[in-house]
file structure.json (JSON, N, CA and C atoms)
[["chain", "number", "residue", "atom", "x", "y", "z"],
["A", 51, "MET", "N", 4.59, -19.40, 3.07],
["A", 51, "MET", "CA", 5.68, -19.31, 2.12],
["A", 51, "MET", "C", 6.40, -20.64, 1.98],
["A", 52, "ALA", "N", 6.44, -21.41, 3.05],
["A", 52, "ALA", "CA", 7.15, -22.69, 3.01],
["A", 52, "ALA", "C", 6.55, -23.64, 1.99],
["A", 53, "ALA", "N", 5.27, -23.48, 1.67],
["A", 53, "ALA", "CA", 4.61, -24.37, 0.72],
["A", 53, "ALA", "C", 4.93, -24.05, -0.73],
["A", 54, "VAL", "N", 5.52, -22.90, -1.00],
["A", 54, "VAL", "CA", 5.85, -22.52, -2.37],
["A", 54, "VAL", "C", 7.18, -23.16, -2.73],
["A", 55, "GLU", "N", 7.14, -24.16, -3.59],
["A", 55, "GLU", "CA", 8.34, -24.94, -3.92],
["A", 55, "GLU", "C", 9.40, -24.13, -4.65],
["A", 56, "SER", "N", 9.00, -23.12, -5.41],
["A", 56, "SER", "CA", 9.96, -22.37, -6.21],
["A", 56, "SER", "C", 10.66, -21.26, -5.42],
["A", 57, "VAL", "N", 10.30, -21.13, -4.13],
["A", 57, "VAL", "CA", 10.88, -20.08, -3.29],
["A", 57, "VAL", "C", 11.41, -20.70, -2.00],
["A", 58, "HIS", "N", 12.58, -20.27, -1.59],
["A", 58, "HIS", "CA", 13.20, -20.74, -0.34],
["A", 58, "HIS", "C", 13.45, -19.55, 0.58],
["A", 59, "ARG", "N", 12.93, -19.61, 1.80],
["A", 59, "ARG", "CA", 13.15, -18.53, 2.77],
["A", 59, "ARG", "C", 14.60, -18.55, 3.22],
["A", 60, "GLU", "N", 15.30, -17.44, 3.05],
["A", 60, "GLU", "CA", 16.68, -17.32, 3.53],
["A", 60, "GLU", "C", 16.73, -16.64, 4.89],
["A", 61, "ALA", "N", 16.03, -15.53, 5.02],
["A", 61, "ALA", "CA", 16.13, -14.79, 6.28],
["A", 61, "ALA", "C", 14.96, -13.84, 6.44],
["A", 62, "LEU", "N", 14.60, -13.61, 7.70],
["A", 62, "LEU", "CA", 13.71, -12.53, 8.06],
["A", 62, "LEU", "C", 14.62, -11.36, 8.39],
["A", 63, "VAL", "N", 14.69, -10.40, 7.49],
["A", 63, "VAL", "CA", 15.66, -9.32, 7.58],
["A", 63, "VAL", "C", 15.23, -8.24, 8.56],
["A", 64, "ALA", "N", 13.94, -7.98, 8.63],
["A", 64, "ALA", "CA", 13.44, -6.94, 9.54],
["A", 64, "ALA", "C", 12.07, -7.35, 10.06],
["A", 65, "LEU", "N", 11.82, -6.99, 11.30],
["A", 65, "LEU", "CA", 10.56, -7.29, 11.96],
["A", 65, "LEU", "C", 10.18, -6.10, 12.80],
["A", 66, "GLU", "N", 9.00, -5.59, 12.60],
["A", 66, "GLU", "CA", 8.53, -4.46, 13.41],
["A", 66, "GLU", "C", 7.17, -4.81, 13.99],
["A", 67, "TRP", "N", 7.08, -4.75, 15.31],
["A", 67, "TRP", "CA", 5.83, -5.04, 16.01],
["A", 67, "TRP", "C", 5.05, -3.74, 16.06],
["A", 68, "GLN", "N", 3.87, -3.75, 15.45],
["A", 68, "GLN", "CA", 3.04, -2.55, 15.38],
["A", 68, "GLN", "C", 2.23, -2.39, 16.66],
["A", 69, "ARG", "N", 1.80, -1.19, 16.94],
["A", 69, "ARG", "CA", 1.01, -0.93, 18.16],
["A", 69, "ARG", "C", -0.31, -1.70, 18.20],
["A", 70, "ASP", "N", -0.84, -2.04, 17.04],
["A", 70, "ASP", "CA", -2.11, -2.77, 17.00],
["A", 70, "ASP", "C", -1.91, -4.29, 17.11],
["A", 71, "GLY", "N", -0.67, -4.74, 17.35],
["A", 71, "GLY", "CA", -0.39, -6.16, 17.52],
["A", 71, "GLY", "C", 0.01, -6.86, 16.24],
["A", 72, "THR", "N", -0.09, -6.18, 15.10],
["A", 72, "THR", "CA", 0.31, -6.78, 13.83],
["A", 72, "THR", "C", 1.81, -6.62, 13.65],
["A", 73, "TYR", "N", 2.33, -7.21, 12.56],
["A", 73, "TYR", "CA", 3.77, -7.15, 12.29],
["A", 73, "TYR", "C", 4.01, -6.69, 10.87],
["A", 74, "ALA", "N", 5.06, -5.91, 10.71],
["A", 74, "ALA", "CA", 5.60, -5.57, 9.40],
["A", 74, "ALA", "C", 6.89, -6.37, 9.26],
["A", 75, "LEU", "N", 6.98, -7.17, 8.21],
["A", 75, "LEU", "CA", 8.10, -8.09, 8.03],
["A", 75, "LEU", "C", 8.76, -7.88, 6.68],
["A", 76, "LEU", "N", 10.07, -8.07, 6.65],
["A", 76, "LEU", "CA", 10.82, -8.05, 5.40],
["A", 76, "LEU", "C", 11.58, -9.36, 5.31],
["A", 77, "TYR", "N", 11.25, -10.17, 4.31],
["A", 77, "TYR", "CA", 11.91, -11.45, 4.09],
["A", 77, "TYR", "C", 12.85, -11.36, 2.90],
["A", 78, "ARG", "N", 13.99, -12.06, 2.99],
["A", 78, "ARG", "CA", 14.87, -12.28, 1.85],
["A", 78, "ARG", "C", 14.69, -13.74, 1.44],
["A", 79, "LEU", "N", 14.42, -13.94, 0.15],
["A", 79, "LEU", "CA", 14.08, -15.26, -0.35],
["A", 79, "LEU", "C", 14.94, -15.61, -1.55],
["A", 80, "ALA", "N", 15.16, -16.88, -1.76],
["A", 80, "ALA", "CA", 15.83, -17.36, -2.97],
["A", 80, "ALA", "C", 14.74, -17.84, -3.91],
["A", 81, "GLY", "N", 14.75, -17.31, -5.13],
["A", 81, "GLY", "CA", 13.76, -17.71, -6.12],
["A", 81, "GLY", "C", 13.71, -16.70, -7.24],
["A", 82, "ASP", "N", 13.12, -17.11, -8.35],
["A", 82, "ASP", "CA", 13.03, -16.24, -9.52],
["A", 82, "ASP", "C", 11.61, -15.83, -9.86],
["A", 83, "ASP", "N", 10.61, -16.54, -9.31],
["A", 83, "ASP", "CA", 9.23, -16.32, -9.70],
["A", 83, "ASP", "C", 8.40, -15.87, -8.51],
["A", 84, "ALA", "N", 7.98, -14.62, -8.52],
["A", 84, "ALA", "CA", 7.21, -14.06, -7.40],
["A", 84, "ALA", "C", 5.74, -14.44, -7.45],
["A", 85, "GLU", "N", 5.22, -14.85, -8.61],
["A", 85, "GLU", "CA", 3.78, -15.08, -8.75],
["A", 85, "GLU", "C", 3.20, -16.11, -7.77],
["A", 86, "PRO", "N", 3.82, -17.28, -7.59],
["A", 86, "PRO", "CA", 3.23, -18.23, -6.63],
["A", 86, "PRO", "C", 3.22, -17.68, -5.21],
["A", 87, "LEU", "N", 4.23, -16.93, -4.86],
["A", 87, "LEU", "CA", 4.31, -16.32, -3.54],
["A", 87, "LEU", "C", 3.22, -15.28, -3.37],
["A", 88, "GLU", "N", 3.02, -14.45, -4.37],
["A", 88, "GLU", "CA", 1.97, -13.45, -4.32],
["A", 88, "GLU", "C", 0.60, -14.09, -4.20],
["A", 89, "ALA", "N", 0.40, -15.23, -4.87],
["A", 89, "ALA", "CA", -0.87, -15.95, -4.77],
["A", 89, "ALA", "C", -1.12, -16.42, -3.34],
["A", 90, "VAL", "N", -0.08, -16.90, -2.66],
["A", 90, "VAL", "CA", -0.21, -17.34, -1.26],
["A", 90, "VAL", "C", -0.61, -16.16, -0.39],
["A", 91, "PHE", "N", 0.06, -15.03, -0.55],
["A", 91, "PHE", "CA", -0.25, -13.85, 0.26],
["A", 91, "PHE", "C", -1.68, -13.37, 0.00],
["A", 92, "ALA", "N", -2.08, -13.35, -1.25],
["A", 92, "ALA", "CA", -3.42, -12.86, -1.63],
["A", 92, "ALA", "C", -4.51, -13.75, -1.05],
["A", 93, "ASP", "N", -4.22, -15.04, -0.86],
["A", 93, "ASP", "CA", -5.20, -16.00, -0.35],
["A", 93, "ASP", "C", -5.37, -15.98, 1.17],
["A", 94, "ARG", "N", -4.47, -15.36, 1.87],
["A", 94, "ARG", "CA", -4.48, -15.43, 3.34],
["A", 94, "ARG", "C", -5.19, -14.24, 3.96],
["A", 95, "ALA", "N", -6.15, -14.52, 4.82],
["A", 95, "ALA", "CA", -6.90, -13.46, 5.50],
["A", 95, "ALA", "C", -6.03, -12.71, 6.51],
["A", 96, "ASP", "N", -4.98, -13.36, 7.03],
["A", 96, "ASP", "CA", -4.13, -12.71, 8.03],
["A", 96, "ASP", "C", -3.02, -11.88, 7.40],
["A", 97, "VAL", "N", -2.95, -11.82, 6.08],
["A", 97, "VAL", "CA", -2.01, -10.94, 5.39],
["A", 97, "VAL", "C", -2.79, -9.71, 4.95],
["A", 98, "TYR", "N", -2.47, -8.57, 5.56],
["A", 98, "TYR", "CA", -3.21, -7.33, 5.29],
["A", 98, "TYR", "C", -2.67, -6.60, 4.07],
["A", 99, "ASP", "N", -1.39, -6.71, 3.82],
["A", 99, "ASP", "CA", -0.77, -6.05, 2.68],
["A", 99, "ASP", "C", 0.55, -6.74, 2.40],
["A", 100, "TYR", "N", 1.01, -6.66, 1.17],
["A", 100, "TYR", "CA", 2.29, -7.27, 0.81],
["A", 100, "TYR", "C", 2.80, -6.65, -0.48],
["A", 101, "ASP", "N", 4.09, -6.82, -0.68],
["A", 101, "ASP", "CA", 4.74, -6.42, -1.92],
["A", 101, "ASP", "C", 5.94, -7.33, -2.10],
["A", 102, "VAL", "N", 6.08, -7.92, -3.27],
["A", 102, "VAL", "CA", 7.22, -8.79, -3.56],
["A", 102, "VAL", "C", 8.07, -8.10, -4.61],
["A", 103, "ILE", "N", 9.35, -7.93, -4.31],
["A", 103, "ILE", "CA", 10.28, -7.23, -5.19],
["A", 103, "ILE", "C", 11.32, -8.23, -5.70],
["A", 104, "ASP", "N", 11.58, -8.20, -6.99],
["A", 104, "ASP", "CA", 12.63, -9.02, -7.57],
["A", 104, "ASP", "C", 13.96, -8.30, -7.39],
["A", 105, "GLY", "N", 14.85, -8.88, -6.60],
["A", 105, "GLY", "CA", 16.15, -8.28, -6.34],
["A", 105, "GLY", "C", 17.20, -8.67, -7.38],
["A", 106, "GLY", "N", 16.82, -9.49, -8.34],
["A", 106, "GLY", "CA", 17.77, -9.96, -9.35],
["A", 106, "GLY", "C", 18.63, -11.09, -8.81],
["A", 107, "ASP", "N", 19.32, -11.76, -9.68],
["A", 107, "ASP", "CA", 20.23, -12.86, -9.32],
["A", 107, "ASP", "C", 19.58, -13.90, -8.41],
["A", 108, "GLY", "N", 18.32, -14.21, -8.67],
["A", 108, "GLY", "CA", 17.66, -15.26, -7.91],
["A", 108, "GLY", "C", 17.22, -14.86, -6.52],
["A", 109, "GLN", "N", 17.14, -13.57, -6.24],
["A", 109, "GLN", "CA", 16.69, -13.11, -4.92],
["A", 109, "GLN", "C", 15.38, -12.35, -5.05],
["A", 110, "LEU", "N", 14.50, -12.63, -4.09],
["A", 110, "LEU", "CA", 13.25, -11.90, -3.96],
["A", 110, "LEU", "C", 13.20, -11.31, -2.56],
["A", 111, "PHE", "N", 12.51, -10.20, -2.43],
["A", 111, "PHE", "CA", 12.25, -9.60, -1.12],
["A", 111, "PHE", "C", 10.75, -9.45, -0.98],
["A", 112, "ALA", "N", 10.23, -9.86, 0.17],
["A", 112, "ALA", "CA", 8.80, -9.76, 0.42],
["A", 112, "ALA", "C", 8.57, -8.86, 1.64],
["A", 113, "PHE", "N", 7.85, -7.78, 1.42],
["A", 113, "PHE", "CA", 7.40, -6.92, 2.50],
["A", 113, "PHE", "C", 5.98, -7.37, 2.82],
["A", 114, "VAL", "N", 5.73, -7.77, 4.07],
["A", 114, "VAL", "CA", 4.44, -8.34, 4.42],
["A", 114, "VAL", "C", 3.94, -7.73, 5.72],
["A", 115, "HIS", "N", 2.67, -7.30, 5.72],
["A", 115, "HIS", "CA", 2.00, -6.82, 6.93],
["A", 115, "HIS", "C", 1.00, -7.89, 7.33],
["A", 116, "VAL", "N", 1.23, -8.53, 8.48],
["A", 116, "VAL", "CA", 0.42, -9.68, 8.88],
["A", 116, "VAL", "C", -0.20, -9.48, 10.26],
["A", 117, "GLY", "N", -1.23, -10.30, 10.51],
["A", 117, "GLY", "CA", -1.88, -10.30, 11.82],
["A", 117, "GLY", "C", -0.98, -10.89, 12.88],
["A", 118, "GLU", "N", -1.39, -10.72, 14.10],
["A", 118, "GLU", "CA", -0.60, -11.16, 15.25],
["A", 118, "GLU", "C", -0.45, -12.68, 15.29],
["A", 119, "ARG", "N", 0.73, -13.12, 15.70],
["A", 119, "ARG", "CA", 1.03, -14.54, 15.95],
["A", 119, "ARG", "C", 1.36, -14.64, 17.43],
["A", 120, "GLU", "N", 0.63, -15.45, 18.15],
["A", 120, "GLU", "CA", 0.77, -15.53, 19.60],
["A", 120, "GLU", "C", 2.20, -15.83, 20.05],
["A", 121, "THR", "N", 2.83, -16.82, 19.43],
["A", 121, "THR", "CA", 4.19, -17.20, 19.85],
["A", 121, "THR", "C", 5.19, -16.08, 19.60],
["A", 122, "LEU", "N", 5.08, -15.42, 18.46],
["A", 122, "LEU", "CA", 5.98, -14.32, 18.16],
["A", 122, "LEU", "C", 5.76, -13.16, 19.11],
["A", 123, "SER", "N", 4.52, -12.86, 19.43],
["A", 123, "SER", "CA", 4.23, -11.79, 20.39],
["A", 123, "SER", "C", 4.80, -12.09, 21.76],
["A", 124, "GLU", "N", 4.75, -13.37, 22.16],
["A", 124, "GLU", "CA", 5.34, -13.76, 23.44],
["A", 124, "GLU", "C", 6.84, -13.53, 23.43],
["A", 125, "LEU", "N", 7.52, -13.90, 22.34],
["A", 125, "LEU", "CA", 8.96, -13.68, 22.23],
["A", 125, "LEU", "C", 9.28, -12.18, 22.27],
["A", 126, "LEU", "N", 8.53, -11.39, 21.55],
["A", 126, "LEU", "CA", 8.79, -9.95, 21.52],
["A", 126, "LEU", "C", 8.47, -9.29, 22.86],
["A", 127, "ALA", "N", 7.48, -9.80, 23.58],
["A", 127, "ALA", "CA", 7.18, -9.28, 24.91],
["A", 127, "ALA", "C", 8.33, -9.55, 25.88],
["A", 128, "ILE", "N", 8.95, -10.72, 25.77],
["A", 128, "ILE", "CA", 10.13, -11.04, 26.59],
["A", 128, "ILE", "C", 11.26, -10.07, 26.27],
["A", 129, "ALA", "N", 11.49, -9.86, 24.97],
["A", 129, "ALA", "CA", 12.54, -8.93, 24.55],
["A", 129, "ALA", "C", 12.25, -7.52, 25.05],
["A", 130, "GLU", "N", 11.00, -7.11, 25.01],
["A", 130, "GLU", "CA", 10.63, -5.78, 25.49],
["A", 130, "GLU", "C", 10.81, -5.65, 27.00],
["A", 131, "ARG", "N", 10.46, -6.69, 27.73],
["A", 131, "ARG", "CA", 10.53, -6.67, 29.19],
["A", 131, "ARG", "C", 11.97, -6.69, 29.71],
["A", 132, "TYR", "N", 12.82, -7.52, 29.11],
["A", 132, "TYR", "CA", 14.17, -7.71, 29.63],
["A", 132, "TYR", "C", 15.25, -6.97, 28.84],
["A", 133, "ALA", "N", 14.89, -6.38, 27.74],
["A", 133, "ALA", "CA", 15.75, -5.52, 26.92],
["A", 133, "ALA", "C", 16.97, -6.20, 26.30],
["A", 134, "PRO", "N", 16.91, -7.49, 25.95],
["A", 134, "PRO", "CA", 17.99, -8.00, 25.12],
["A", 134, "PRO", "C", 17.77, -7.52, 23.69],
["A", 135, "LEU", "N", 18.78, -7.58, 22.89],
["A", 135, "LEU", "CA", 18.66, -7.19, 21.49],
["A", 135, "LEU", "C", 18.49, -8.44, 20.64],
["A", 136, "LEU", "N", 17.48, -8.43, 19.80],
["A", 136, "LEU", "CA", 17.31, -9.49, 18.82],
["A", 136, "LEU", "C", 17.98, -8.97, 17.56],
["A", 137, "ASP", "N", 19.02, -9.66, 17.11],
["A", 137, "ASP", "CA", 19.87, -9.16, 16.04],
["A", 137, "ASP", "C", 19.52, -9.79, 14.70],
["A", 138, "PRO", "N", 18.72, -9.08, 13.88],
["A", 138, "PRO", "CA", 18.40, -9.64, 12.56],
["A", 138, "PRO", "C", 19.62, -9.61, 11.65],
["A", 139, "PRO", "N", 19.65, -10.39, 10.59],
["A", 139, "PRO", "CA", 18.51, -11.18, 10.13],
["A", 139, "PRO", "C", 18.35, -12.47, 10.91],
["A", 140, "PHE", "N", 17.11, -12.94, 10.98],
["A", 140, "PHE", "CA", 16.79, -14.22, 11.57],
["A", 140, "PHE", "C", 16.87, -15.24, 10.45],
["A", 141, "ARG", "N", 17.75, -16.21, 10.56],
["A", 141, "ARG", "CA", 18.04, -17.15, 9.47],
["A", 141, "ARG", "C", 17.18, -18.41, 9.58],
["A", 142, "TYR", "N", 16.67, -18.84, 8.45],
["A", 142, "TYR", "CA", 15.91, -20.08, 8.38],
["A", 142, "TYR", "C", 16.88, -21.23, 8.17],
["A", 143, "THR", "N", 16.71, -22.28, 8.97],
["A", 143, "THR", "CA", 17.52, -23.48, 8.85],
["A", 143, "THR", "C", 16.58, -24.69, 8.73],
["A", 144, "ASP", "N", 17.15, -25.86, 8.54],
["A", 144, "ASP", "CA", 16.33, -27.08, 8.49],
["A", 144, "ASP", "C", 15.66, -27.37, 9.83],
["A", 145, "ARG", "N", 16.19, -26.80, 10.91],
["A", 145, "ARG", "CA", 15.67, -27.07, 12.24],
["A", 145, "ARG", "C", 14.76, -25.96, 12.77],
["A", 146, "GLY", "N", 14.60, -24.87, 12.01],
["A", 146, "GLY", "CA", 13.75, -23.78, 12.47],
["A", 146, "GLY", "C", 14.37, -22.44, 12.13],
["A", 147, "VAL", "N", 14.15, -21.47, 12.99],
["A", 147, "VAL", "CA", 14.66, -20.13, 12.79],
["A", 147, "VAL", "C", 15.78, -19.87, 13.79],
["A", 148, "ARG", "N", 16.91, -19.36, 13.31],
["A", 148, "ARG", "CA", 18.04, -19.05, 14.18],
["A", 148, "ARG", "C", 18.03, -17.55, 14.48],
["A", 149, "VAL", "N", 17.98, -17.22, 15.76],
["A", 149, "VAL", "CA", 17.91, -15.83, 16.21],
["A", 149, "VAL", "C", 19.13, -15.55, 17.07],
["A", 150, "ALA", "N", 19.87, -14.50, 16.73],
["A", 150, "ALA", "CA", 21.00, -14.08, 17.57],
["A", 150, "ALA", "C", 20.47, -13.07, 18.60],
["A", 151, "VAL", "N", 20.84, -13.30, 19.86],
["A", 151, "VAL", "CA", 20.38, -12.44, 20.96],
["A", 151, "VAL", "C", 21.60, -11.90, 21.68],
["A", 152, "ALA", "N", 21.57, -10.62, 22.00],
["A", 152, "ALA", "CA", 22.67, -9.98, 22.74],
["A", 152, "ALA", "C", 22.07, -9.16, 23.88],
["A", 153, "GLY", "N", 22.85, -9.02, 24.96],
["A", 153, "GLY", "CA", 22.38, -8.22, 26.07],
["A", 153, "GLY", "C", 23.24, -8.42, 27.29],
["A", 154, "THR", "N", 22.90, -7.71, 28.34],
["A", 154, "THR", "CA", 23.63, -7.87, 29.60],
["A", 154, "THR", "C", 23.31, -9.26, 30.19],
["A", 155, "GLU", "N", 24.14, -9.68, 31.12],
["A", 155, "GLU", "CA", 23.91, -10.98, 31.75],
["A", 155, "GLU", "C", 22.54, -11.02, 32.41],
["A", 156, "ALA", "N", 22.16, -9.95, 33.07],
["A", 156, "ALA", "CA", 20.86, -9.90, 33.74],
["A", 156, "ALA", "C", 19.71, -9.99, 32.72],
["A", 157, "ALA", "N", 19.87, -9.34, 31.59],
["A", 157, "ALA", "CA", 18.83, -9.37, 30.56],
["A", 157, "ALA", "C", 18.67, -10.76, 29.97],
["A", 158, "LEU", "N", 19.81, -11.45, 29.81],
["A", 158, "LEU", "CA", 19.75, -12.77, 29.21],
["A", 158, "LEU", "C", 19.32, -13.81, 30.22]]
call {"tool": "encode", "arguments": {"input": "structure.json", "output": "C-alpha cells"}}
result
Amino acid sequence: MAAVESVHREALVALEWQRDGTYALLYRLAGDDAEPLEAVFADRADVYDYDVIDGGDGQLFAFVHVGERETLSELLAIAERYAPLLDPPFRYTDRGVRVAVAGTEAAL
C-alpha cells in the first residue's frame, strides 16, 4: 500500500490473528481513488481476499485477508503470552507504526 502514491495509510483499525496464521486487517486510508490500491492487492499472492470501501470525504477503508508475517506473529505471540492489551488503531507515522499497549506491570 505504501507504494500507491494516491493513498496514504492513516491507521490499522482492526487486526485479527486467524487460527491458520493469517490475518484479517481493516485499514483506514486517506485517498479518493481505490483502483490503484485494488490493483496492488490483486497482484499479491499473499493477499487472499480484499475489499476497498469508499468512506467519502477522502477516506477509504480496506478489509484485507493476508498471509502470515513473521514479525507480526512474533508481536502477537508476546501479547498472547503476557496478556497486555494492544489498543487499536495502530497509527502510521513517518517513523513507523505507533502501537498503544496497556496492561499490568508484570505483563509489560
call {"tool": "closest_residue", "arguments": {"input": "structure.json", "among": "A:Thr121, A:Ser56, A:Thr154, A:Gln109", "to": "A:Leu135", "atoms": "all atoms listed in the file"}}
result
A:Thr154
call {"tool": "closest_residue", "arguments": {"input": "structure.json", "among": "A:Phe140, A:Ala152, A:Ile128, A:Leu158", "to": "A:Leu62", "atoms": "only N, CA and C atoms"}}
result
A:Phe140
call {"tool": "closest_residue", "arguments": {"input": "structure.json", "among": "A:Gly106, A:Gly146, A:Gly153, A:Gly117", "to": "A:Tyr132", "atoms": "only N, CA and C atoms"}}
result
A:Gly153
call {"tool": "atom_distance", "arguments": {"input": "structure.json", "atom1": "atom C of A:Leu125", "atom2": "atom N of A:Trp67"}}
result
10.4 Å
call {"tool": "residues_around", "arguments": {"input": "structure.json", "residues": "A:Leu65", "least_positions_apart": "3", "cutoff": "7 Å", "atoms": "all atoms listed in the file", "output": "list in words"}}
result
Leu62, Tyr73, Ala74, Leu75 and Leu76 of chain A
call {"tool": "build_atoms", "arguments": {"input": "structure.json", "residues": "stretch 110-127 of chain A", "atoms": "N, CA, C and O atoms", "output": "short mmCIF file (atom, residue, chain, number, x, y, z; two decimals), in the coordinates of the input"}}
result
data_model
loop_
_atom_site.label_atom_id
_atom_site.label_comp_id
_atom_site.auth_asym_id
_atom_site.auth_seq_id
_atom_site.Cartn_x
_atom_site.Cartn_y
_atom_site.Cartn_z
N LEU A 110 14.50 -12.63 -4.09
CA LEU A 110 13.25 -11.90 -3.96
C LEU A 110 13.20 -11.31 -2.56
O LEU A 110 13.79 -11.86 -1.62
N PHE A 111 12.51 -10.20 -2.43
CA PHE A 111 12.25 -9.60 -1.12
C PHE A 111 10.75 -9.45 -0.98
O PHE A 111 10.08 -8.99 -1.90
N ALA A 112 10.23 -9.86 0.17
CA ALA A 112 8.80 -9.76 0.42
C ALA A 112 8.57 -8.86 1.64
O ALA A 112 9.07 -9.15 2.73
N PHE A 113 7.85 -7.78 1.42
CA PHE A 113 7.40 -6.92 2.50
C PHE A 113 5.98 -7.37 2.82
O PHE A 113 5.12 -7.36 1.94
N VAL A 114 5.73 -7.77 4.07
CA VAL A 114 4.44 -8.34 4.42
C VAL A 114 3.94 -7.73 5.72
O VAL A 114 4.67 -7.64 6.70
N HIS A 115 2.67 -7.30 5.72
CA HIS A 115 2.00 -6.82 6.93
C HIS A 115 1.00 -7.89 7.33
O HIS A 115 0.07 -8.19 6.58
N VAL A 116 1.23 -8.53 8.48
CA VAL A 116 0.42 -9.68 8.88
C VAL A 116 -0.20 -9.48 10.26
O VAL A 116 0.26 -8.66 11.06
N GLY A 117 -1.23 -10.30 10.51
CA GLY A 117 -1.88 -10.30 11.82
C GLY A 117 -0.98 -10.89 12.88
O GLY A 117 0.05 -11.50 12.60
N GLU A 118 -1.39 -10.72 14.10
CA GLU A 118 -0.60 -11.16 15.25
C GLU A 118 -0.45 -12.68 15.29
O GLU A 118 -1.37 -13.42 14.95
N ARG A 119 0.73 -13.12 15.70
CA ARG A 119 1.03 -14.54 15.95
C ARG A 119 1.36 -14.64 17.43
O ARG A 119 2.29 -13.98 17.92
N GLU A 120 0.63 -15.45 18.15
CA GLU A 120 0.77 -15.53 19.60
C GLU A 120 2.20 -15.83 20.05
O GLU A 120 2.74 -15.18 20.93
N THR A 121 2.83 -16.82 19.43
CA THR A 121 4.19 -17.20 19.85
C THR A 121 5.19 -16.08 19.60
O THR A 121 6.04 -15.83 20.44
N LEU A 122 5.08 -15.42 18.46
CA LEU A 122 5.98 -14.32 18.16
C LEU A 122 5.76 -13.16 19.11
O LEU A 122 6.71 -12.55 19.59
N SER A 123 4.52 -12.86 19.43
CA SER A 123 4.23 -11.79 20.39
C SER A 123 4.80 -12.09 21.76
O SER A 123 5.30 -11.20 22.44
N GLU A 124 4.75 -13.37 22.16
CA GLU A 124 5.34 -13.76 23.44
C GLU A 124 6.84 -13.53 23.43
O GLU A 124 7.41 -13.00 24.40
N LEU A 125 7.52 -13.90 22.34
CA LEU A 125 8.96 -13.68 22.23
C LEU A 125 9.28 -12.18 22.27
O LEU A 125 10.18 -11.75 22.99
N LEU A 126 8.53 -11.39 21.55
CA LEU A 126 8.79 -9.95 21.52
C LEU A 126 8.47 -9.29 22.86
O LEU A 126 9.15 -8.34 23.27
N ALA A 127 7.48 -9.80 23.58
CA ALA A 127 7.18 -9.28 24.91
C ALA A 127 8.33 -9.55 25.88
O ALA A 127 8.67 -8.70 26.70
#
